[in-house]
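Structure file work-v3.txt (compact mmCIF, C-alpha atoms) follows.
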# COMPACT_ATOMS: atom_id res chain seq x y z
CA MET A 299 -3.71 28.05 19.08
CA THR A 300 -3.98 27.17 22.77
CA VAL A 301 -6.46 24.40 21.98
CA ALA A 302 -4.14 22.88 19.38
CA VAL A 303 -1.24 22.97 21.85
CA ALA A 304 -3.40 21.27 24.48
CA LEU A 305 -4.41 18.54 22.04
CA LEU A 306 -0.84 17.92 20.92
CA ALA A 307 0.30 17.90 24.56
CA TYR A 308 -2.37 15.30 25.34
CA ALA A 309 -1.32 13.17 22.36
CA THR A 310 2.35 13.35 23.37
CA GLY A 311 1.71 12.73 27.05
CA ALA A 312 -0.69 9.83 26.53
CA GLY A 313 1.48 8.36 23.80
CA THR A 314 4.55 8.46 26.05
CA LEU A 315 3.18 7.67 29.50
CA GLY A 316 0.39 5.31 28.41
CA PRO A 317 2.54 2.15 28.24
CA ARG A 318 3.62 2.57 31.86
CA LEU A 319 0.00 2.77 32.99
CA LEU A 320 -1.05 -0.16 30.82
CA GLY A 321 1.86 -2.24 32.11
CA GLN A 322 0.86 -1.60 35.72
CA ALA A 323 -2.82 -2.47 35.13
CA ARG A 324 -3.02 -5.96 36.64
CA TRP A 325 -6.81 -5.85 36.50
CA THR A 326 -6.74 -6.52 32.74
CA GLN A 327 -6.20 -10.22 33.43
CA ARG A 328 -9.45 -10.24 35.41
CA ALA A 329 -11.42 -8.35 32.75
CA PRO A 330 -9.64 -8.81 29.41
CA LEU A 331 -12.44 -7.43 27.26
CA LEU A 332 -12.48 -4.21 29.26
CA GLY A 333 -8.71 -4.10 28.95
CA ILE A 334 -9.01 -4.34 25.17
CA VAL A 335 -11.51 -1.48 25.12
CA ILE A 336 -9.24 0.69 27.29
CA CYS A 337 -6.20 -0.02 25.09
CA LEU A 338 -8.05 0.80 21.87
CA ALA A 339 -9.68 3.90 23.37
CA ALA A 340 -6.30 5.21 24.53
CA ALA A 341 -4.56 4.53 21.21
CA TRP A 342 -7.25 6.00 18.99
CA SER A 343 -7.77 9.01 21.27
CA VAL A 344 -4.15 9.96 20.49
CA VAL A 345 -4.86 9.68 16.75
CA ALA A 346 -8.02 11.78 17.16
CA ALA A 347 -6.15 14.41 19.18
CA ALA A 348 -3.57 14.82 16.41
CA GLY A 349 -6.27 15.28 13.78
CA LEU A 350 -8.33 17.69 15.89
CA ALA A 351 -5.23 19.75 16.64
CA GLY A 352 -4.96 20.51 12.95
CA LEU A 353 -8.64 21.41 12.69
CA THR A 354 -8.50 23.78 15.63
CA LEU A 355 -5.59 25.60 14.00
CA ALA A 356 -7.67 26.10 10.88
CA VAL A 357 -11.08 26.83 12.42
CA HIS A 358 -10.57 30.59 12.79
CA ALA A 359 -9.87 31.04 9.10
CA THR A 360 -12.50 28.62 7.79
CA ALA A 361 -15.55 27.56 9.75
CA LEU A 362 -16.09 30.88 11.54
CA GLY A 363 -16.12 33.29 8.64
CA SER A 364 -17.68 36.72 8.55
CA GLY A 365 -20.98 35.50 7.07
CA LEU A 366 -21.55 33.22 10.01
CA SER A 367 -20.53 35.92 12.44
CA GLN A 368 -23.28 38.15 11.10
CA LEU A 369 -25.77 35.34 11.70
CA ILE A 370 -25.03 34.52 15.32
CA GLY A 371 -23.51 37.82 16.38
CA ALA A 372 -21.30 38.33 19.38
CA CYS A 373 -21.06 34.63 20.26
CA VAL A 374 -19.00 34.12 17.16
CA ILE A 375 -16.77 37.02 18.14
CA ARG A 376 -16.07 35.19 21.37
CA LEU A 377 -15.45 31.96 19.46
CA ARG A 378 -13.15 33.66 16.99
CA ASP A 379 -11.17 35.23 19.80
CA THR A 380 -10.96 31.88 21.55
CA TYR A 381 -9.78 29.97 18.50
CA ALA A 382 -7.77 32.77 16.95
CA THR A 383 -4.74 31.44 15.12
CA PRO A 384 -1.60 33.60 15.22
CA GLY A 385 -0.10 33.61 11.76
CA GLY A 386 -3.43 33.78 9.96
CA ALA A 387 -3.88 31.85 6.74
CA LEU A 388 -0.42 30.25 6.83
CA VAL A 389 -0.93 28.57 10.20
CA ALA A 390 -4.53 27.71 9.29
CA GLY A 391 -3.26 26.06 6.13
CA LEU A 392 -0.73 24.07 8.12
CA GLY A 393 -3.52 23.01 10.46
CA LEU A 394 -5.66 21.81 7.58
CA ALA A 395 -2.66 19.96 6.17
CA LEU A 396 -2.09 18.22 9.51
CA ALA A 397 -5.75 17.20 9.80
CA ALA A 398 -5.83 16.00 6.20
CA ALA A 399 -2.63 14.04 6.70
CA VAL A 400 -4.03 12.25 9.75
CA VAL A 401 -7.30 11.39 7.98
CA THR A 402 -5.58 10.31 4.77
CA ARG A 403 -2.95 8.21 6.52
CA THR A 404 -5.64 6.56 8.65
CA ALA A 405 -7.72 5.67 5.60
CA VAL A 406 -4.73 4.38 3.63
CA ALA A 407 -3.28 2.39 6.54
CA ALA A 408 -6.66 0.84 7.36
CA ALA A 409 -7.40 -0.07 3.74
CA THR A 410 -3.92 -1.50 3.16
CA HIS A 411 -3.83 -3.50 6.39
CA LEU A 412 -7.35 -4.89 6.08
CA ARG A 413 -6.88 -5.78 2.42
CA ALA A 414 -3.65 -7.63 3.17
CA VAL A 415 -5.13 -9.50 6.13
CA ARG A 416 -8.25 -10.41 4.18
CA ARG A 417 -6.23 -11.71 1.21
CA HIS A 418 -3.89 -13.60 3.53
CA ALA A 419 -6.78 -15.23 5.40
CA ARG A 420 -8.60 -16.19 2.18
CA GLN A 421 -5.48 -17.77 0.70
CA HIS A 422 -4.74 -19.67 3.89
CA ALA A 423 -8.32 -20.97 4.18
CA GLN A 424 -8.30 -22.08 0.55
CA ALA A 425 -4.96 -23.84 1.02
CA VAL A 426 -6.30 -25.64 4.08
CA ARG A 427 -9.19 -26.96 2.02
CA LEU A 428 -6.76 -28.30 -0.55
CA VAL A 429 -4.56 -30.24 1.86
CA GLY A 430 -7.10 -30.98 4.60
CA ARG A 431 -10.56 -32.45 4.87
CA PRO A 432 -13.73 -31.32 6.64
CA GLU A 433 -14.48 -32.99 9.94
CA PRO A 434 -18.24 -32.42 10.48
CA ALA A 435 -18.17 -33.81 14.01
CA LEU A 436 -15.68 -31.14 15.00
CA ASP A 437 -16.93 -28.39 12.69
CA ALA A 438 -13.30 -27.90 11.70
CA MET A 439 -10.79 -28.72 8.98
CA LEU A 440 -8.48 -31.64 9.72
CA VAL A 441 -4.92 -31.47 8.35
CA GLU A 442 -2.64 -34.50 8.31
CA HIS A 443 0.51 -33.49 10.17
CA PRO A 444 2.73 -34.99 12.91
CA GLN A 445 2.90 -31.74 14.89
CA ALA A 446 0.00 -30.96 17.20
CA ALA A 447 -1.64 -27.62 16.42
CA ALA A 448 -5.05 -25.99 16.61
CA TYR A 449 -5.81 -22.48 15.41
CA CYS A 450 -8.33 -20.37 13.54
CA VAL A 451 -8.24 -18.28 10.40
CA ALA A 452 -10.64 -15.34 10.42
CA GLY A 453 -11.71 -13.21 7.48
CA PRO A 454 -14.21 -13.84 4.68
CA ASP A 455 -14.09 -17.62 5.18
CA PRO A 456 -13.60 -18.23 8.93
CA THR A 457 -12.11 -21.65 9.59
CA VAL A 458 -10.88 -23.67 12.54
CA ILE A 459 -7.94 -25.95 11.72
CA VAL A 460 -6.79 -28.97 13.72
CA THR A 461 -3.93 -31.33 12.89
CA THR A 462 -4.20 -35.10 13.19
CA ALA A 463 -1.48 -35.03 15.83
CA ALA A 464 -3.62 -32.72 18.00
CA LEU A 465 -6.58 -35.03 17.50
CA GLN A 466 -4.52 -37.95 18.80
CA ALA A 467 -2.94 -36.03 21.67
CA LEU A 468 -6.11 -34.56 23.19
CA ASP A 469 -8.95 -36.41 24.79
CA PRO A 470 -12.51 -35.47 23.71
CA GLY A 471 -13.03 -33.00 26.55
CA GLN A 472 -9.71 -31.25 25.94
CA LEU A 473 -10.33 -31.07 22.21
CA ALA A 474 -13.78 -29.58 22.77
CA ALA A 475 -12.32 -26.91 25.07
CA VAL A 476 -9.61 -26.00 22.57
CA LEU A 477 -12.13 -25.76 19.74
CA ALA A 478 -14.34 -23.56 21.93
CA HIS A 479 -11.37 -21.24 22.45
CA GLU A 480 -10.77 -20.95 18.71
CA ARG A 481 -14.47 -20.42 17.96
CA ALA A 482 -14.53 -17.67 20.57
CA HIS A 483 -11.92 -15.81 18.50
CA LEU A 484 -14.22 -16.01 15.48
CA ALA A 485 -17.48 -15.30 17.31
CA TRP A 486 -16.10 -12.18 19.03
CA HIS A 487 -14.27 -11.01 15.88
CA HIS A 488 -11.02 -10.73 17.77
CA HIS A 489 -9.16 -10.30 14.49
CA ARG A 490 -10.89 -6.93 14.06
CA LEU A 491 -9.81 -5.76 17.49
CA VAL A 492 -6.24 -6.81 16.77
CA ALA A 493 -6.46 -5.02 13.40
CA LEU A 494 -7.60 -1.78 15.06
CA ALA A 495 -4.59 -1.89 17.39
CA ARG A 496 -2.15 -2.64 14.59
CA ILE A 497 -3.53 0.10 12.35
CA ALA A 498 -3.10 2.61 15.17
CA GLN A 499 0.48 1.39 15.59
CA GLN A 500 1.14 1.92 11.88
CA LEU A 501 -0.19 5.48 12.09
CA LEU A 502 2.11 6.62 14.91
CA PRO A 503 4.77 3.93 15.28
CA PHE A 504 7.15 6.26 17.12
CA LEU A 505 4.81 6.52 20.13
CA PRO A 506 5.37 3.81 22.78
CA LEU A 507 1.63 3.65 23.53
CA MET A 508 0.84 2.35 20.05
CA ARG A 509 3.32 -0.52 20.32
CA ALA A 510 2.18 -1.35 23.84
CA ALA A 511 -1.52 -1.26 22.90
CA ALA A 512 -0.98 -3.61 19.94
CA GLY A 513 0.86 -6.09 22.15
CA GLN A 514 -1.69 -5.85 24.94
CA VAL A 515 -4.67 -6.37 22.63
CA ALA A 516 -3.02 -9.44 21.05
CA ARG A 517 -2.46 -10.86 24.55
CA LEU A 518 -5.87 -9.97 25.94
CA VAL A 519 -7.86 -11.52 23.09
CA GLU A 520 -6.29 -14.83 24.12
CA LEU A 521 -7.42 -14.36 27.72
CA HIS A 522 -10.90 -13.39 26.58
CA ALA A 523 -11.12 -16.50 24.37
CA ASP A 524 -9.99 -18.58 27.36
CA ASP A 525 -12.73 -17.07 29.51
CA THR A 526 -15.35 -17.68 26.83
CA ALA A 527 -14.26 -21.31 26.45
CA THR A 528 -14.16 -22.00 30.19
CA ALA A 529 -17.69 -20.64 30.57
CA ALA A 530 -18.85 -23.89 28.94
CA HIS A 531 -15.91 -26.21 29.68
CA ASP A 532 -13.93 -27.09 32.77
CA THR A 533 -11.05 -24.68 33.38
CA ARG A 534 -8.57 -27.42 34.23
CA THR A 535 -9.50 -29.29 31.07
CA LEU A 536 -8.55 -26.33 28.88
CA ALA A 537 -5.39 -25.69 30.92
CA THR A 538 -4.34 -29.32 30.52
CA ALA A 539 -5.04 -29.13 26.78
CA LEU A 540 -2.79 -26.07 26.50
CA VAL A 541 0.00 -27.95 28.27
CA VAL A 542 -0.36 -30.89 25.88
CA LEU A 543 -0.36 -28.65 22.81
CA ALA A 544 2.55 -26.59 24.10
CA GLU A 545 4.58 -29.77 24.55
CA ARG A 546 3.67 -31.16 21.13
CA GLY A 547 3.55 -28.11 18.90
CA GLY A 548 1.41 -25.32 20.32
CA LEU A 549 -1.89 -23.69 19.51
CA ALA A 550 -0.62 -21.39 16.79
CA PRO A 551 0.37 -23.06 13.50
CA ALA A 552 4.01 -24.08 13.61
CA PRO A 553 6.25 -23.18 10.65
CA ALA A 554 6.17 -26.78 9.43
CA VAL A 555 2.36 -26.78 9.39
CA ASN A 556 2.26 -23.49 7.52
CA GLU A 557 4.72 -24.77 4.93
CA LEU A 558 2.46 -27.74 4.32
CA VAL A 559 -0.78 -25.74 4.25
CA ALA A 560 0.27 -22.53 2.51
CA PRO A 561 3.94 -22.12 1.62
CA GLY A 562 5.15 -18.55 2.08
CA LEU A 563 2.03 -17.32 3.86
CA GLY A 564 3.24 -17.53 7.46
CA ALA A 565 1.18 -18.02 10.61
CA THR A 566 -2.30 -16.64 10.88
CA GLY A 567 -3.35 -18.00 14.25
CA MET A 568 -3.75 -15.51 17.10
CA THR A 569 -2.60 -17.66 19.99
CA ALA A 570 0.43 -16.89 22.14
CA ALA A 571 3.26 -19.29 22.80
CA GLY A 572 6.05 -19.85 25.25
CA ALA A 573 5.95 -17.62 28.29
CA GLU A 574 2.54 -16.18 27.40
CA ALA A 575 1.06 -19.67 27.13
CA LEU A 576 2.47 -20.46 30.57
CA GLN A 577 0.86 -17.29 31.97
CA ARG A 578 -2.46 -18.32 30.48
CA ILE A 579 -2.21 -21.76 32.08
CA GLN A 580 -1.31 -20.29 35.48
CA ARG A 581 -4.18 -17.82 35.19
CA MET A 582 -6.67 -20.65 34.61
CA LEU A 583 -5.30 -22.80 37.41
CA ARG A 584 -5.28 -19.88 39.87
CA PRO A 585 -8.31 -17.82 38.90
CA ALA A 586 -8.54 -14.34 40.42
CA GLN A 587 -11.67 -12.77 41.83
CA PRO A 588 -13.81 -11.07 39.16
CA LEU A 589 -13.89 -7.29 39.23
CA SER A 590 -16.69 -5.74 41.24
CA ARG A 591 -19.59 -4.13 39.43
CA LEU A 592 -18.52 -0.70 40.68
CA ARG A 593 -15.00 -1.12 39.35
CA ARG A 594 -16.31 -2.31 36.00
CA GLN A 595 -18.53 0.74 35.76
CA LEU A 596 -15.60 3.01 36.61
CA LEU A 597 -13.46 1.35 33.96
CA ARG A 598 -16.21 1.74 31.36
CA ALA A 599 -16.45 5.40 32.30
CA GLY A 600 -12.67 5.66 31.97
CA ALA A 601 -12.80 4.16 28.47
CA ALA A 602 -15.51 6.62 27.47
CA GLY A 603 -13.47 9.45 28.97
CA LEU A 604 -10.42 8.47 26.94
CA ALA A 605 -12.45 8.30 23.75
CA LEU A 606 -14.07 11.70 24.37
CA THR A 607 -11.07 13.60 25.76
CA PRO A 608 -9.81 14.93 22.38
CA LEU A 609 -13.28 16.14 21.41
CA LEU A 610 -13.85 17.74 24.80
CA LEU A 611 -10.50 19.53 24.61
CA ALA A 612 -11.34 20.80 21.14
CA LEU A 613 -14.85 21.97 22.04
CA ALA A 614 -14.28 23.27 25.57
CA PRO A 615 -13.44 26.87 24.54
CA ALA A 616 -16.44 27.00 22.21
CA VAL A 617 -18.76 25.72 24.93
CA VAL A 618 -17.43 28.30 27.38
CA ALA A 619 -17.79 31.10 24.85
CA LEU A 620 -21.34 30.14 23.92
CA ALA A 621 -22.27 29.73 27.59
CA LEU A 622 -21.45 33.41 28.11
CA GLY A 623 -24.38 34.24 25.86
CA ARG A 624 -25.00 36.97 23.34
CA VAL A 625 -23.70 40.40 24.16
CA PRO A 626 -24.17 43.67 22.31
CA ALA A 627 -21.65 43.99 19.49
CA ALA A 628 -18.90 46.44 20.38
Just give me the structure as structure tokens.
Amino acid sequence: MTVAVALLAYATGAGTLGPRLLGQARWTQRAPLLGIVICLAAAWSVVAAAGLAGLTLAVHATALGSGLSQLIGACVIRLRDTYATPGGALVAGLGLALAAAVVTRTAVAAATHLRAVRRHARQHAQAVRLVGRPEPALDAMLVEHPQAAAYCVAGPDPTVIVTTAALQALDPGQLAAVLAHERAHLAWHHHRLVALARIAQQLLPFLPLMRAAAGQVARLVELHADDTATAAHDTRTLATALVVLAERGGLAPAPAVNELVAPGLGATGMTAAGAEALQRIQRMLRPAQPLSRLRRQLLRAGAAGLALTPLLLALAPAVVALALGRVPAA
């Protein structure tokens, strides 16, 4: 019972206080990929803690039965005492129900979200091929439209889309940098990272951490794509291209473009607009110092710690009990 309480306390505390910590983490702009990993590790550790809390309530009445206790002797007595569930079968049943609910809801939410996103992306890519034309020199689909836009559609048929207005507004270097940004989204499968954050949000939407993590991941994938693009293209070139696109339509597909390409489907690009686009431009024009190797290692360790915390909380009493060794049965 104590273990379940500890796990639920962790889930509640992390789910409530997590957004404040994420909001204060300025280092994420200097290492966006690490920031994504931390956000996802924090969000999914809360989901894992909720599921493990149910299992620990049920473990006394299920996994550690009398047959097993005869096999490994007094160690199991210690384990059973450690994980003993006041209320017996009733509380154990409630624990199993909680664990099953978490697993079932996770599976259903993931399947529903991924199916919808996959269908949406396929329909949008097909529509683009109907109204646009391939541009081999750009390795992209060109759509005739007066509003400048460039974006990507991930999924089973990954596609980069550029409007004719964007082609006219950008010089060759700017266009190449923008296309590199969009290809970075596809190459790094950013849509999957965003999907993981959104699924976690659907599972526990009442926890502030889940909403904050989803927003942070959506923002950080843009910064990571910027960094990937500027590794091969001049930073100022990409920043200038963002200014041009922001003035003439933006990087994400505008409503008018979507209505032309796929009526009723809505936007599928992952790029930010408005204030976030301005922050991206300022970040590129005033680059910060990269994180030191030591700090990166510490952050990686922190991500691993977040991911493992629920399991460690669940197993700690068992490890302690087993470490005491076999003792003569009383």
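In this model, the gap between CA of Leu604 in chain A and CA of Ser343 in chain A comes to 6.3 Å.
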Let me make sure I understand: among A:Ala341, A:Leu611, A:Ala605, A:Ala438, which one has the smallest atom-to-atom distance to Arg496 in chain A if we use only C-alpha atoms?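 Checking each of A:Ala341, A:Leu611, A:Ala605, A:Ala438 against Arg496 in chain A, counting only C-alpha atoms, the winner is A:Ala341.
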Would you list the contacts of range 499-512 of chain A as a list in words, taking every protein, DNA or RNA residue within 8 Å and counting only C-alpha atoms, but skipping same-chain residues closer than 3 positions in sequence? Thr310, Ala312, Gly313, Thr314, Leu315, Gly316, Pro317, Leu320, Cys337, Leu338, Ala341, Val345, Arg403, Thr404, Ala407, Val492, Ala495, Arg496, Val515 and Ala516 of chain A
Å distance separating CA of His418 in chain A from CA of Thr462 in chain A, one decimal place: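 We find that CA of His418 in chain A and CA of Thr462 in chain A lie 23.6 Å from each other.
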Take CA of Asp469 in chain A and CA of Val441 in chain A and report the distance between them in Å, one decimal. 17.6 Å
Centre and size of axis-aligned box enclosing range 571-586 of chain A plus 3 Å each side, as JSON:
{"center_x": -1.2, "center_y": -18.6, "center_z": 31.6, "size_x": 20.6, "size_y": 14.5, "size_z": 23.6}
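In terms of minimum interatomic distance to Ala302 in chain A, A:Leu392 ranks closest within A:Ala586, A:Ala482, A:Leu332, A:Leu392, counting only C-alpha atoms.
You can rank A:Val335, A:His479, A:Gly600, A:Val400 by their closest distance to Ala529 in chain A using only C-alpha atoms, and at the top of that list sits A:His479.
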Compile the contact shell of Arg581 in chain A as a PDB file with C-alpha atoms, in the frame of the given file: residues with an atom at most 10 Å away, counting all atoms listed in the file, same-chain residues fewer than 2 positions apart removed.
ATOM      1  CA  GLN A 327      -6.200 -10.220  33.430  1.00  0.00           C
ATOM      2  CA  ARG A 328      -9.450 -10.240  35.410  1.00  0.00           C
ATOM      3  CA  LEU A 521      -7.420 -14.360  27.720  1.00  0.00           C
ATOM      4  CA  ASP A 524      -9.990 -18.580  27.360  1.00  0.00           C
ATOM      5  CA  THR A 533     -11.050 -24.680  33.380  1.00  0.00           C
ATOM      6  CA  ALA A 537      -5.390 -25.690  30.920  1.00  0.00           C
ATOM      7  CA  ALA A 575       1.060 -19.670  27.130  1.00  0.00           C
ATOM      8  CA  LEU A 576       2.470 -20.460  30.570  1.00  0.00           C
ATOM      9  CA  GLN A 577       0.860 -17.290  31.970  1.00  0.00           C
ATOM     10  CA  ARG A 578      -2.460 -18.320  30.480  1.00  0.00           C
ATOM     11  CA  ILE A 579      -2.210 -21.760  32.080  1.00  0.00           C
ATOM     12  CA  LEU A 583      -5.300 -22.800  37.410  1.00  0.00           C
ATOM     13  CA  ARG A 584      -5.280 -19.880  39.870  1.00  0.00           C
ATOM     14  CA  PRO A 585      -8.310 -17.820  38.900  1.00  0.00           C
ATOM     15  CA  ALA A 586      -8.540 -14.340  40.420  1.00  0.00           C
TER      16      ALA A 586
END
What's around range 449-460 of chain A at 9 Å? Count all atoms listed in the file, leave out sequence neighbours fewer than 4 positions away in its own chain, and write the answer as a PyMOL selection string. chain A and resi 415-420+422-424+426+430+437-442+464-465+476-477+480-481+483-484+487-489+549-551+566-569
Spatial neighbours of Ala348 in chain A, max dist 8 Å, only C-alpha atoms, sep filter under 4 positions, as a PyMOL selection string: chain A and resi 305-306+309+344+352+396-397+400
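Restricting the calculation to only C-alpha atoms, the smallest distance between Leu543 in chain A and any of A:Gln322, A:Gln466, A:Gln587, A:Thr410 is found for A:Gln466.
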